[in-house]
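The file final02.tsv comes next; it holds TSV, C-alpha atoms.
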chain	number	residue	atom	x	y	z
A	1	MET	CA	123.95	118.37	15.09
A	2	PRO	CA	126.97	117.72	17.40
A	3	PHE	CA	128.06	114.14	17.95
A	4	ASP	CA	125.94	112.72	20.80
A	5	VAL	CA	128.27	110.65	22.97
A	6	ALA	CA	125.52	110.10	25.56
A	7	TYR	CA	123.37	108.46	22.90
A	8	VAL	CA	126.26	106.18	21.88
A	9	ARG	CA	126.96	105.17	25.48
A	10	GLY	CA	123.33	104.16	25.87
A	11	LEU	CA	123.81	101.55	23.14
A	12	ILE	CA	126.53	99.70	25.08
A	13	PRO	CA	125.39	98.06	28.36
A	14	SER	CA	128.91	97.06	29.47
A	15	LEU	CA	129.80	100.72	30.01
A	16	GLY	CA	127.79	100.49	33.20
A	17	ASP	CA	130.44	98.27	34.81
A	18	GLY	CA	132.13	101.22	36.51
A	19	TRP	CA	135.35	101.03	34.49
A	20	ILE	CA	136.84	103.57	32.10
A	21	HIS	CA	137.71	101.64	28.95
A	22	LEU	CA	140.72	103.20	27.24
A	23	ASP	CA	141.93	99.97	25.61
A	24	PRO	CA	140.23	99.78	22.18
A	25	GLN	CA	143.26	97.95	20.72
A	26	ALA	CA	142.15	94.99	22.85
A	27	GLY	CA	138.64	95.36	21.45
A	28	MET	CA	135.99	98.04	21.85
A	29	GLN	CA	133.04	97.41	24.11
A	30	VAL	CA	130.30	95.38	22.44
A	31	PRO	CA	126.97	97.11	21.65
A	32	ASP	CA	123.77	95.45	22.80
A	33	SER	CA	122.65	95.02	19.19
A	34	VAL	CA	125.74	92.95	18.39
A	35	ALA	CA	125.39	90.73	21.46
A	36	THR	CA	121.71	90.17	20.69
A	37	ALA	CA	122.42	89.31	17.06
A	38	VAL	CA	125.01	86.71	18.07
A	39	THR	CA	122.93	85.04	20.78
A	40	THR	CA	119.81	84.98	18.63
A	41	SER	CA	121.66	83.55	15.65
A	42	PHE	CA	123.21	80.77	17.70
A	43	ARG	CA	119.73	79.28	17.88
A	44	HIS	CA	119.06	79.43	14.14
A	45	LEU	CA	122.36	79.36	12.24
A	46	ALA	CA	123.99	76.16	13.43
A	47	ALA	CA	124.37	74.65	9.95
A	48	ALA	CA	127.14	75.44	7.49
A	49	PRO	CA	126.12	77.00	4.15
A	50	GLY	CA	125.70	74.76	1.15
A	51	GLY	CA	122.67	72.67	2.09
A	52	VAL	CA	119.14	73.08	0.77
A	53	TYR	CA	117.42	73.03	4.16
A	54	PRO	CA	116.39	76.29	5.90
A	55	SER	CA	119.24	76.68	8.41
A	56	ALA	CA	121.90	76.13	5.72
A	57	ARG	CA	120.23	78.65	3.41
A	58	ALA	CA	120.01	81.13	6.30
A	59	THR	CA	123.72	80.75	6.99
A	60	ALA	CA	124.50	81.30	3.31
A	61	GLU	CA	122.38	84.45	3.37
A	62	VAL	CA	124.09	85.87	6.45
A	63	THR	CA	127.47	85.13	4.83
A	64	ASP	CA	126.46	87.24	1.84
A	65	SER	CA	125.14	89.92	4.21
A	66	ALA	CA	128.47	90.03	6.04
A	67	ARG	CA	130.36	90.49	2.77
A	68	ARG	CA	128.04	93.33	1.76
A	69	ALA	CA	128.40	94.99	5.18
A	70	ILE	CA	132.20	95.02	4.98
A	71	ALA	CA	132.03	96.21	1.37
A	72	ASP	CA	129.91	99.16	2.48
A	73	LEU	CA	132.36	99.92	5.29
A	74	VAL	CA	135.36	100.22	2.95
A	75	GLY	CA	133.64	101.31	-0.26
A	76	GLY	CA	134.44	98.04	-2.00
A	77	ASP	CA	132.73	95.17	-3.79
A	78	ALA	CA	131.16	92.33	-1.81
A	79	ALA	CA	132.59	89.89	-4.38
A	80	GLY	CA	136.06	90.83	-3.12
A	81	VAL	CA	135.45	90.39	0.62
A	82	VAL	CA	137.23	87.44	2.25
A	83	ILE	CA	136.29	86.78	5.88
A	84	GLY	CA	138.41	85.02	8.49
A	85	PRO	CA	139.00	84.65	12.23
A	86	SER	CA	141.89	87.14	12.42
A	87	ARG	CA	144.19	89.44	10.47
A	88	TYR	CA	147.05	87.02	10.77
A	89	SER	CA	145.10	84.05	9.44
A	90	LEU	CA	143.87	86.05	6.44
A	91	LEU	CA	147.25	87.51	5.56
A	92	ALA	CA	149.06	84.21	6.11
A	93	CYS	CA	146.53	82.61	3.77
A	94	LEU	CA	147.12	85.35	1.20
A	95	ALA	CA	150.89	84.94	1.42
A	96	GLU	CA	150.52	81.21	0.84
A	97	ALA	CA	148.07	81.74	-2.03
A	98	LEU	CA	150.56	83.88	-3.94
A	99	SER	CA	152.90	82.18	-6.37
A	100	PRO	CA	156.24	81.18	-4.79
A	101	HIS	CA	157.90	82.94	-7.72
A	102	ALA	CA	156.74	86.26	-6.23
A	103	PHE	CA	159.12	85.71	-3.33
A	104	LEU	CA	161.85	83.92	-5.27
A	105	ARG	CA	162.28	86.73	-7.76
A	106	GLY	CA	161.32	89.84	-5.84
A	107	ASP	CA	161.46	91.99	-2.75
A	108	VAL	CA	158.91	92.29	0.02
A	109	VAL	CA	158.60	95.70	1.68
A	110	VAL	CA	157.29	95.78	5.27
A	111	THR	CA	157.41	98.49	7.95
A	112	ARG	CA	158.41	98.84	11.59
A	113	GLN	CA	155.14	100.72	12.10
A	114	ASP	CA	152.89	97.75	11.39
A	115	ASP	CA	151.39	95.31	13.84
A	116	GLU	CA	152.86	91.81	13.70
A	117	PRO	CA	149.95	90.31	11.70
A	118	ASN	CA	150.96	92.42	8.69
A	119	ILE	CA	154.67	91.68	9.11
A	120	VAL	CA	155.09	88.05	10.11
A	121	PRO	CA	153.25	86.38	7.17
A	122	TRP	CA	155.35	88.30	4.63
A	123	VAL	CA	158.64	87.81	6.43
A	124	ARG	CA	158.01	84.08	6.79
A	125	ALA	CA	157.02	83.71	3.14
A	126	ALA	CA	160.11	85.59	2.00
A	127	GLU	CA	162.36	83.54	4.23
A	128	ARG	CA	160.74	80.31	3.06
A	129	TYR	CA	161.58	81.04	-0.57
A	130	ALA	CA	164.83	82.97	0.05
A	131	GLY	CA	163.20	86.27	-0.87
A	132	ARG	CA	164.50	89.69	0.11
A	133	ILE	CA	162.94	91.76	2.89
A	134	ARG	CA	163.21	95.54	2.90
A	135	TRP	CA	162.17	97.58	5.95
A	136	ALA	CA	160.54	101.00	6.07
A	137	GLU	CA	161.54	102.81	9.26
A	138	VAL	CA	159.64	105.04	11.67
A	139	ASP	CA	160.59	108.64	12.36
A	140	VAL	CA	161.72	108.32	15.99
A	141	GLU	CA	160.80	111.93	16.75
A	142	THR	CA	157.27	112.13	15.34
A	143	GLY	CA	156.27	108.47	15.39
A	144	ALA	CA	155.13	108.74	11.77
A	145	LEU	CA	156.04	106.50	8.85
A	146	PRO	CA	157.68	108.84	6.29
A	147	ALA	CA	156.35	108.17	2.81
A	148	TRP	CA	159.43	109.56	1.04
A	149	GLN	CA	161.53	106.51	1.94
A	150	PHE	CA	159.37	104.23	-0.21
A	151	GLY	CA	160.87	105.87	-3.26
A	152	ASP	CA	164.10	104.07	-2.40
A	153	LEU	CA	162.58	100.87	-1.03
A	154	ILE	CA	160.24	100.09	-3.94
A	155	THR	CA	162.02	98.92	-7.06
A	156	PRO	CA	161.04	97.01	-10.25
A	157	GLU	CA	161.85	93.83	-8.29
A	158	THR	CA	159.29	94.59	-5.54
A	159	GLU	CA	156.41	92.10	-5.43
A	160	VAL	CA	154.58	92.95	-2.18
A	161	VAL	CA	154.33	96.16	-0.15
A	162	ALA	CA	152.63	95.81	3.25
A	163	VAL	CA	151.80	99.03	5.12
A	164	THR	CA	149.55	100.08	7.99
A	165	LEU	CA	147.11	102.96	7.56
A	166	ALA	CA	147.50	103.99	11.21
A	167	SER	CA	149.75	102.99	14.08
A	168	SER	CA	148.25	100.99	16.93
A	169	THR	CA	150.46	102.79	19.46
A	170	THR	CA	151.07	106.39	18.38
A	171	GLY	CA	147.99	106.64	16.17
A	172	ALA	CA	150.09	108.22	13.38
A	173	ILE	CA	148.30	108.05	10.03
A	174	THR	CA	150.36	106.93	7.03
A	175	ASP	CA	150.21	109.02	3.86
A	176	ILE	CA	149.04	106.16	1.66
A	177	GLY	CA	148.42	108.53	-1.26
A	178	GLU	CA	152.15	109.12	-1.74
A	179	ILE	CA	152.99	105.41	-1.63
A	180	THR	CA	150.28	104.14	-3.99
A	181	PRO	CA	151.79	105.47	-7.27
A	182	LEU	CA	155.16	103.95	-6.38
A	183	VAL	CA	153.60	100.54	-5.76
A	184	ARG	CA	151.58	100.66	-8.96
A	185	GLY	CA	154.61	101.76	-10.94
A	186	ALA	CA	156.44	98.65	-9.75
A	187	GLY	CA	153.45	96.39	-10.43
A	188	ALA	CA	153.54	95.12	-6.83
A	189	LEU	CA	150.70	93.93	-4.61
A	190	PHE	CA	149.75	96.71	-2.15
A	191	VAL	CA	148.43	95.36	1.17
A	192	VAL	CA	147.13	97.99	3.61
A	193	ASP	CA	146.17	97.08	7.16
A	194	ALA	CA	143.37	99.50	8.09
A	195	THR	CA	142.48	97.76	11.35
A	196	ASN	CA	143.58	100.65	13.57
A	197	ALA	CA	141.93	103.27	11.37
A	198	ALA	CA	138.60	101.61	10.55
A	199	PRO	CA	136.81	102.54	13.82
A	200	TYR	CA	137.61	106.23	13.29
A	201	LEU	CA	137.98	107.03	9.59
A	202	SER	CA	135.66	106.77	6.63
A	203	LEU	CA	137.48	104.36	4.30
A	204	ASP	CA	137.38	104.08	0.52
A	205	ILE	CA	139.56	101.33	-0.90
A	206	HIS	CA	139.54	102.93	-4.35
A	207	GLU	CA	140.67	106.32	-3.07
A	208	LEU	CA	143.42	104.67	-1.02
A	209	GLY	CA	144.53	102.65	-4.02
A	210	ALA	CA	145.21	99.54	-1.96
A	211	ASP	CA	144.99	96.21	-3.76
A	212	VAL	CA	144.06	94.53	-0.48
A	213	LEU	CA	142.60	96.24	2.60
A	214	VAL	CA	142.34	94.48	5.98
A	215	VAL	CA	140.01	95.36	8.88
A	216	SER	CA	139.12	93.66	12.18
A	217	ALA	CA	135.62	93.84	13.62
A	218	GLU	CA	136.56	93.62	17.30
A	219	ARG	CA	138.19	97.05	16.95
A	220	TRP	CA	134.76	98.67	16.45
A	221	GLY	CA	132.76	96.48	18.84
A	222	GLY	CA	132.08	93.48	16.63
A	223	PRO	CA	132.97	89.81	17.08
A	224	ARG	CA	136.60	88.69	16.80
A	225	MET	CA	136.58	88.34	13.04
A	226	SER	CA	138.54	90.05	10.30
A	227	ALA	CA	138.01	90.79	6.63
A	228	MET	CA	140.39	91.10	3.69
A	229	VAL	CA	138.96	93.15	0.83
A	230	PHE	CA	140.30	93.02	-2.74
A	231	ARG	CA	139.88	96.22	-4.74
A	232	GLU	CA	139.58	94.11	-7.89
A	233	PRO	CA	137.67	90.91	-7.00
A	234	HIS	CA	138.83	89.04	-10.11
A	235	VAL	CA	142.35	88.94	-8.65
A	236	ILE	CA	141.13	86.24	-6.24
A	237	ASP	CA	140.59	83.83	-9.13
A	238	ARG	CA	144.28	84.05	-10.04
A	239	LEU	CA	145.43	82.99	-6.58
A	240	ARG	CA	146.01	79.45	-5.34
A	241	LEU	CA	142.89	77.75	-3.95
A	242	MET	CA	143.02	77.69	-0.13
A	243	SER	CA	139.55	76.35	0.64
A	244	MET	CA	138.99	72.73	1.62
A	245	ASP	CA	136.15	72.79	-0.92
A	246	PRO	CA	137.65	72.19	-4.41
A	247	GLY	CA	134.57	73.80	-5.93
A	248	ALA	CA	134.82	77.05	-3.98
A	249	LYS	CA	134.41	80.22	-6.01
A	250	GLY	CA	135.01	83.92	-5.47
A	251	PRO	CA	136.17	85.01	-1.99
A	252	ALA	CA	135.38	81.56	-0.59
A	253	ARG	CA	138.50	80.35	-2.44
A	254	LEU	CA	140.61	82.01	0.28
A	255	GLU	CA	138.47	80.81	3.20
A	256	PRO	CA	139.74	77.37	4.27
A	257	GLU	CA	136.61	76.42	6.22
A	258	PRO	CA	132.98	77.59	6.61
A	259	HIS	CA	132.23	80.34	9.13
A	260	GLN	CA	130.08	80.27	12.24
A	261	GLY	CA	126.81	81.90	11.18
A	262	SER	CA	126.20	83.58	14.52
A	263	MET	CA	129.54	85.41	14.36
A	264	LEU	CA	128.68	86.62	10.87
A	265	ALA	CA	125.36	87.94	12.16
A	266	GLY	CA	127.27	89.82	14.84
A	267	LEU	CA	129.59	91.23	12.18
A	268	VAL	CA	126.63	92.59	10.21
A	269	ALA	CA	125.11	94.06	13.38
A	270	SER	CA	128.40	95.76	14.29
A	271	VAL	CA	128.59	97.54	10.92
A	272	GLU	CA	124.96	98.60	11.34
A	273	HIS	CA	125.91	99.92	14.78
A	274	ILE	CA	128.60	102.14	13.27
A	275	ALA	CA	126.17	103.35	10.62
A	276	GLY	CA	123.76	104.40	13.36
A	277	LEU	CA	126.16	106.34	15.57
A	278	ASP	CA	125.04	109.65	14.06
A	279	GLU	CA	121.29	110.10	14.32
A	280	ASP	CA	121.42	112.54	11.39
A	281	GLY	CA	122.69	109.81	9.03
A	282	ILE	CA	120.16	108.98	6.32
A	283	GLY	CA	120.04	106.93	3.14
A	284	LYS	CA	121.77	103.70	2.23
A	285	ARG	CA	124.19	102.08	4.66
A	286	ARG	CA	127.33	103.29	2.88
A	287	ARG	CA	126.15	106.89	3.13
A	288	ARG	CA	125.18	106.48	6.78
A	289	LEU	CA	128.58	104.94	7.55
A	290	VAL	CA	130.40	107.90	6.03
A	291	THR	CA	128.23	110.37	7.96
A	292	SER	CA	128.68	108.54	11.26
A	293	LEU	CA	132.42	108.03	10.94
A	294	ASP	CA	132.93	111.66	9.94
A	295	GLY	CA	131.09	112.65	13.11
A	296	VAL	CA	133.12	110.20	15.20
A	297	TYR	CA	136.38	111.50	13.74
A	298	GLU	CA	135.54	115.14	14.41
A	299	TYR	CA	134.50	114.44	18.00
A	300	LEU	CA	137.49	112.26	18.80
A	301	GLN	CA	139.94	114.64	17.14
A	302	ARG	CA	138.95	117.29	19.68
A	303	LEU	CA	139.10	114.81	22.54
A	304	THR	CA	142.49	113.48	21.39
A	305	TYR	CA	143.90	117.00	21.28
A	306	TYR	CA	142.68	117.50	24.84
A	307	LEU	CA	144.20	114.17	25.92
A	308	VAL	CA	147.62	114.85	24.38
A	309	THR	CA	147.68	118.44	25.64
A	310	THR	CA	146.90	117.49	29.23
A	311	LEU	CA	149.38	114.60	29.19
A	312	THR	CA	152.20	116.85	27.99
A	313	GLN	CA	151.50	119.22	30.88
A	314	LEU	CA	152.54	116.50	33.33
A	315	ASN	CA	156.29	116.92	33.80
A	316	HIS	CA	156.90	113.23	34.52
A	317	VAL	CA	154.87	111.97	31.52
A	318	ASN	CA	156.43	111.76	28.04
A	319	VAL	CA	154.14	111.29	25.05
A	320	VAL	CA	155.75	109.05	22.44
A	321	GLY	CA	155.75	110.76	19.05
A	322	THR	CA	154.60	114.23	18.07
A	323	GLU	CA	152.65	113.44	14.90
A	324	GLU	CA	149.40	115.45	14.88
A	325	ASN	CA	147.74	113.60	12.00
A	326	ARG	CA	146.61	110.64	14.05
A	327	VAL	CA	143.71	108.45	15.08
A	328	PRO	CA	142.92	108.62	18.84
A	329	LEU	CA	145.61	106.21	20.03
A	330	VAL	CA	148.42	107.51	22.27
A	331	SER	CA	151.48	105.97	23.96
A	332	PHE	CA	153.49	107.53	26.77
A	333	THR	CA	156.14	106.73	29.37
A	334	VAL	CA	156.31	107.81	33.00
A	335	ASP	CA	159.66	108.82	34.50
A	336	GLY	CA	160.90	106.30	37.01
A	337	VAL	CA	157.83	104.05	36.78
A	338	SER	CA	157.55	100.98	34.57
A	339	ALA	CA	154.63	100.63	32.20
A	340	ASP	CA	153.42	97.58	34.07
A	341	LYS	CA	153.23	99.50	37.33
A	342	VAL	CA	151.47	102.40	35.64
A	343	VAL	CA	148.68	100.25	34.23
A	344	ARG	CA	148.30	98.55	37.61
A	345	ARG	CA	147.86	101.95	39.26
A	346	LEU	CA	145.39	102.92	36.56
A	347	ALA	CA	143.48	99.67	37.09
A	348	ASP	CA	143.36	100.36	40.84
A	349	ASN	CA	141.59	103.59	39.90
A	350	GLY	CA	139.16	102.01	37.45
A	351	VAL	CA	140.99	102.72	34.19
A	352	CYS	CA	141.71	100.06	31.57
A	353	ALA	CA	144.98	100.69	29.68
A	354	LEU	CA	147.62	98.57	27.98
A	355	ALA	CA	151.31	98.13	28.78
A	356	ASP	CA	154.06	97.21	26.33
A	357	VAL	CA	151.88	96.55	23.30
A	358	PRO	CA	154.03	94.39	20.95
A	359	ASN	CA	155.21	96.97	18.45
A	360	ARG	CA	158.55	97.38	16.68
A	361	ALA	CA	158.07	101.14	16.37
A	362	LEU	CA	158.02	101.60	20.15
A	363	VAL	CA	161.25	99.63	20.42
A	364	ARG	CA	162.84	101.81	17.73
A	365	MET	CA	161.70	104.93	19.57
A	366	GLY	CA	163.38	103.77	22.79
A	367	ALA	CA	160.33	103.03	24.95
A	368	PRO	CA	161.96	99.99	26.65
A	369	GLU	CA	164.71	102.29	27.99
A	370	PHE	CA	162.05	104.11	30.03
A	371	GLY	CA	160.46	100.98	31.44
A	372	GLY	CA	158.10	100.42	28.54
A	373	ALA	CA	155.20	102.43	27.15
A	374	VAL	CA	151.60	102.70	28.26
A	375	THR	CA	149.09	102.84	25.42
A	376	VAL	CA	145.61	104.29	25.69
A	377	GLY	CA	142.95	104.87	23.09
A	378	LEU	CA	139.64	106.64	22.74
A	379	ALA	CA	136.38	105.30	21.38
A	380	PRO	CA	133.10	106.88	20.27
A	381	TYR	CA	131.88	106.36	23.84
A	382	SER	CA	134.84	108.12	25.50
A	383	THR	CA	134.22	111.38	27.40
A	384	PRO	CA	136.26	114.36	28.66
A	385	TYR	CA	135.55	113.20	32.22
A	386	GLU	CA	137.31	109.91	31.49
A	387	VAL	CA	140.32	111.77	30.11
A	388	ASP	CA	140.41	113.96	33.22
A	389	HIS	CA	140.30	110.91	35.48
A	390	LEU	CA	143.20	109.34	33.58
A	391	VAL	CA	145.30	112.48	33.88
A	392	ARG	CA	144.52	112.93	37.58
A	393	THR	CA	145.58	109.34	38.26
A	394	LEU	CA	148.82	109.81	36.35
A	395	GLY	CA	149.42	113.04	38.24
A	396	SER	CA	149.35	111.13	41.50
A	397	LEU	CA	152.37	109.11	40.33
A	398	ALA	CA	154.63	112.17	40.48
As structure tokens, how would this structure be written, given the file I've shared?
Amino acid sequence: MPFDVAYVRGLIPSLGDGWIHLDPQAGMQVPDSVATAVTTSFRHLAAAPGGVYPSARATAEVTDSARRAIADLVGGDAAGVVIGPSRYSLLACLAEALSPHAFLRGDVVVTRQDDEPNIVPWVRAAERYAGRIRWAEVDVETGALPAWQFGDLITPETEVVAVTLASSTTGAITDIGEITPLVRGAGALFVVDATNAAPYLSLDIHELGADVLVVSAERWGGPRMSAMVFREPHVIDRLRLMSMDPGAKGPARLEPEPHQGSMLAGLVASVEHIAGLDEDGIGKRRRRLVTSLDGVYEYLQRLTYYLVTTLTQLNHVNVVGTEENRVPLVSFTVDGVSADKVVRRLADNGVCALADVPNRALVRMGAPEFGGAVTVGLAPYSTPYEVDHLVRTLGSLA
């Protein structure tokens, strides 16, 4: 059965606000089930886990449920799921939990393609301990992150390799499969930020070969929370304790403070929402997630092709990067018009888009020389009509 975008739109009340939401990097629209889970849980999950009374036990149960939900999303083990308020906070915590000797004795490999949360913690840790930083560069023509360069960047001295699975601006998907053997050969820690890919691709942490995989729930319509999943949960026990609770065990060791139970309930509901996007999905949640995300990917691949094709037909619009293997995120410049003015014109016509998303790849590719780049993205609720409206509005700028 074809992907039913009308059914998906019916699950999200905010889509009735009259706006066309092409800004998923700022957070997808929140499904009614997620909003209901959060508001309902605020009344019942006020206590922190650890007590013996009902509300504390309920919070502990929803914490376990949230770990299982993320584990199902990425094909991992709930015992390896660390939850936090943001990507940056999780990765900064991980960088601090590693032994200082990792940075004193070895290299850290980061990329220009990544978002700042998967760059800054590693750069700061390396600088703190006088470690060496090595940069993987973006192909300025395609917008992709060439995997071949990691053969030169990764050496026996490499301790950490941090890579994004997909770009937040060009959507280019990184060939993780070519990088994984190099990282394993060096015995380094492989940290993959899958935040930009998780709303669109069926993930399997074991197939990717990442030691640590990071996702952010707001990118698929959940609360502003992130998760850091360890492929081998026992690795957590070898890291420095970061929790304020000296008796913390398992993933809680890397969670400084208890979570808000209502946000965890929203996280669980958001994963259930993804699992239910395809009405043909049956079986356990992991299986339903794979079915739904495969349907989302197929639908949005067609819509992305239509978006890129129509944008390139506008003489005054220049799509940044030519990589075809991408998630539905696209950046472009407009001749003679700054990105800020473009998004203002789009907003005047009911379209939400982003201007000058902080991204080192766009700088490398020369976007600032054209007045900055506009970034748009598609979601499971996006339609061809919305793409047409975007293109018509851009056409009026000629």
Within 8 Å of Leu254 (chain A), counting only C-alpha atoms, which residues qualify if same-chain residues fewer than 2 places away don't, as a PDB file with C-alpha atoms, in the frame of the given file?
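Saved the output as selection.pdb:
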ATOM      1  CA  VAL A  82     137.230  87.440   2.250  1.00  0.00           C
ATOM      2  CA  CYS A  93     146.530  82.610   3.770  1.00  0.00           C
ATOM      3  CA  LEU A  94     147.120  85.350   1.200  1.00  0.00           C
ATOM      4  CA  ALA A  97     148.070  81.740  -2.030  1.00  0.00           C
ATOM      5  CA  ILE A 236     141.130  86.240  -6.240  1.00  0.00           C
ATOM      6  CA  LEU A 241     142.890  77.750  -3.950  1.00  0.00           C
ATOM      7  CA  MET A 242     143.020  77.690  -0.130  1.00  0.00           C
ATOM      8  CA  SER A 243     139.550  76.350   0.640  1.00  0.00           C
ATOM      9  CA  PRO A 251     136.170  85.010  -1.990  1.00  0.00           C
ATOM     10  CA  ALA A 252     135.380  81.560  -0.590  1.00  0.00           C
ATOM     11  CA  PRO A 256     139.740  77.370   4.270  1.00  0.00           C
TER      12      PRO A 256
END
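Atom pair CA of Arg345 (chain A) / CA of Val320 (chain A) has a distance of 19.9 Å (rounded to one decimal).
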(request) Using all atoms listed in the file, find the one residue out of A:Thr174, A:Thr111, A:Ser168, A:Ser396 that sits nearest to Thr375 (chain A). (result) A:Ser168
(request) To one decimal in Å, tell me the separation between CA of Gly371 (chain A) and CA of Phe332 (chain A). (result)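 Distance between the two atoms: 10.6 Å.
Residue nearest Phe230 (chain A) within the list A:Arg360, A:His273, A:His206, A:Arg326: A:His206 [criterion: smallest interatomic distance, all atoms listed in the file].
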(message) as a count of residues only, please: the residues near Thr195 (chain A) (cut-off 10 Å, all atoms listed in the file, same-chain neighbours under 5 positions excluded).
(response) 19
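Between CA of Ala60 (chain A) and CA of Val74 (chain A) lies a distance of 21.8 Å.
The residue that comes closest to Gly321 (chain A), out of A:Val308, A:Ile12, A:Leu397, A:Val62 and on the basis of only C-alpha atoms, is A:Val308.
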Neighbour list for Ile274 (chain A) as a PDB file with C-alpha atoms, in the frame of the given file, cut-off 8 Å, all atoms listed in the file, skip fewer than 3 positions in-chain:
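Just written: part_27.pdb:
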ATOM      1  CA  TRP A 220     134.760  98.670  16.450  1.00  0.00           C
ATOM      2  CA  SER A 270     128.400  95.760  14.290  1.00  0.00           C
ATOM      3  CA  VAL A 271     128.590  97.540  10.920  1.00  0.00           C
ATOM      4  CA  LEU A 277     126.160 106.340  15.570  1.00  0.00           C
ATOM      5  CA  LEU A 289     128.580 104.940   7.550  1.00  0.00           C
ATOM      6  CA  SER A 292     128.680 108.540  11.260  1.00  0.00           C
ATOM      7  CA  LEU A 293     132.420 108.030  10.940  1.00  0.00           C
TER       8      LEU A 293
END
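Considering all atoms listed in the file, the residue among A:His101, A:Arg132, A:Arg112, A:Arg302 positioned nearest to Met365 (chain A) is A:Arg112.
Distance check against Leu390 (chain A) using only C-alpha atoms: of A:Gly84, A:Gly336, A:Ala162, A:Leu22, the minimum falls on A:Leu22.
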(message) Need to verify the contact set: region 184-186 of chain A, 9 Å, only C-alpha atoms, exclusion of same-chain residues closer than 4 positions in sequence. Can you return it as a list in words?
(response)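 Close residues of region 184-186 of chain A: Ile154, Thr155, Pro156, Glu157, Thr158, Glu159, Ile179, Thr180, Phe190 and Gly209 of chain A.
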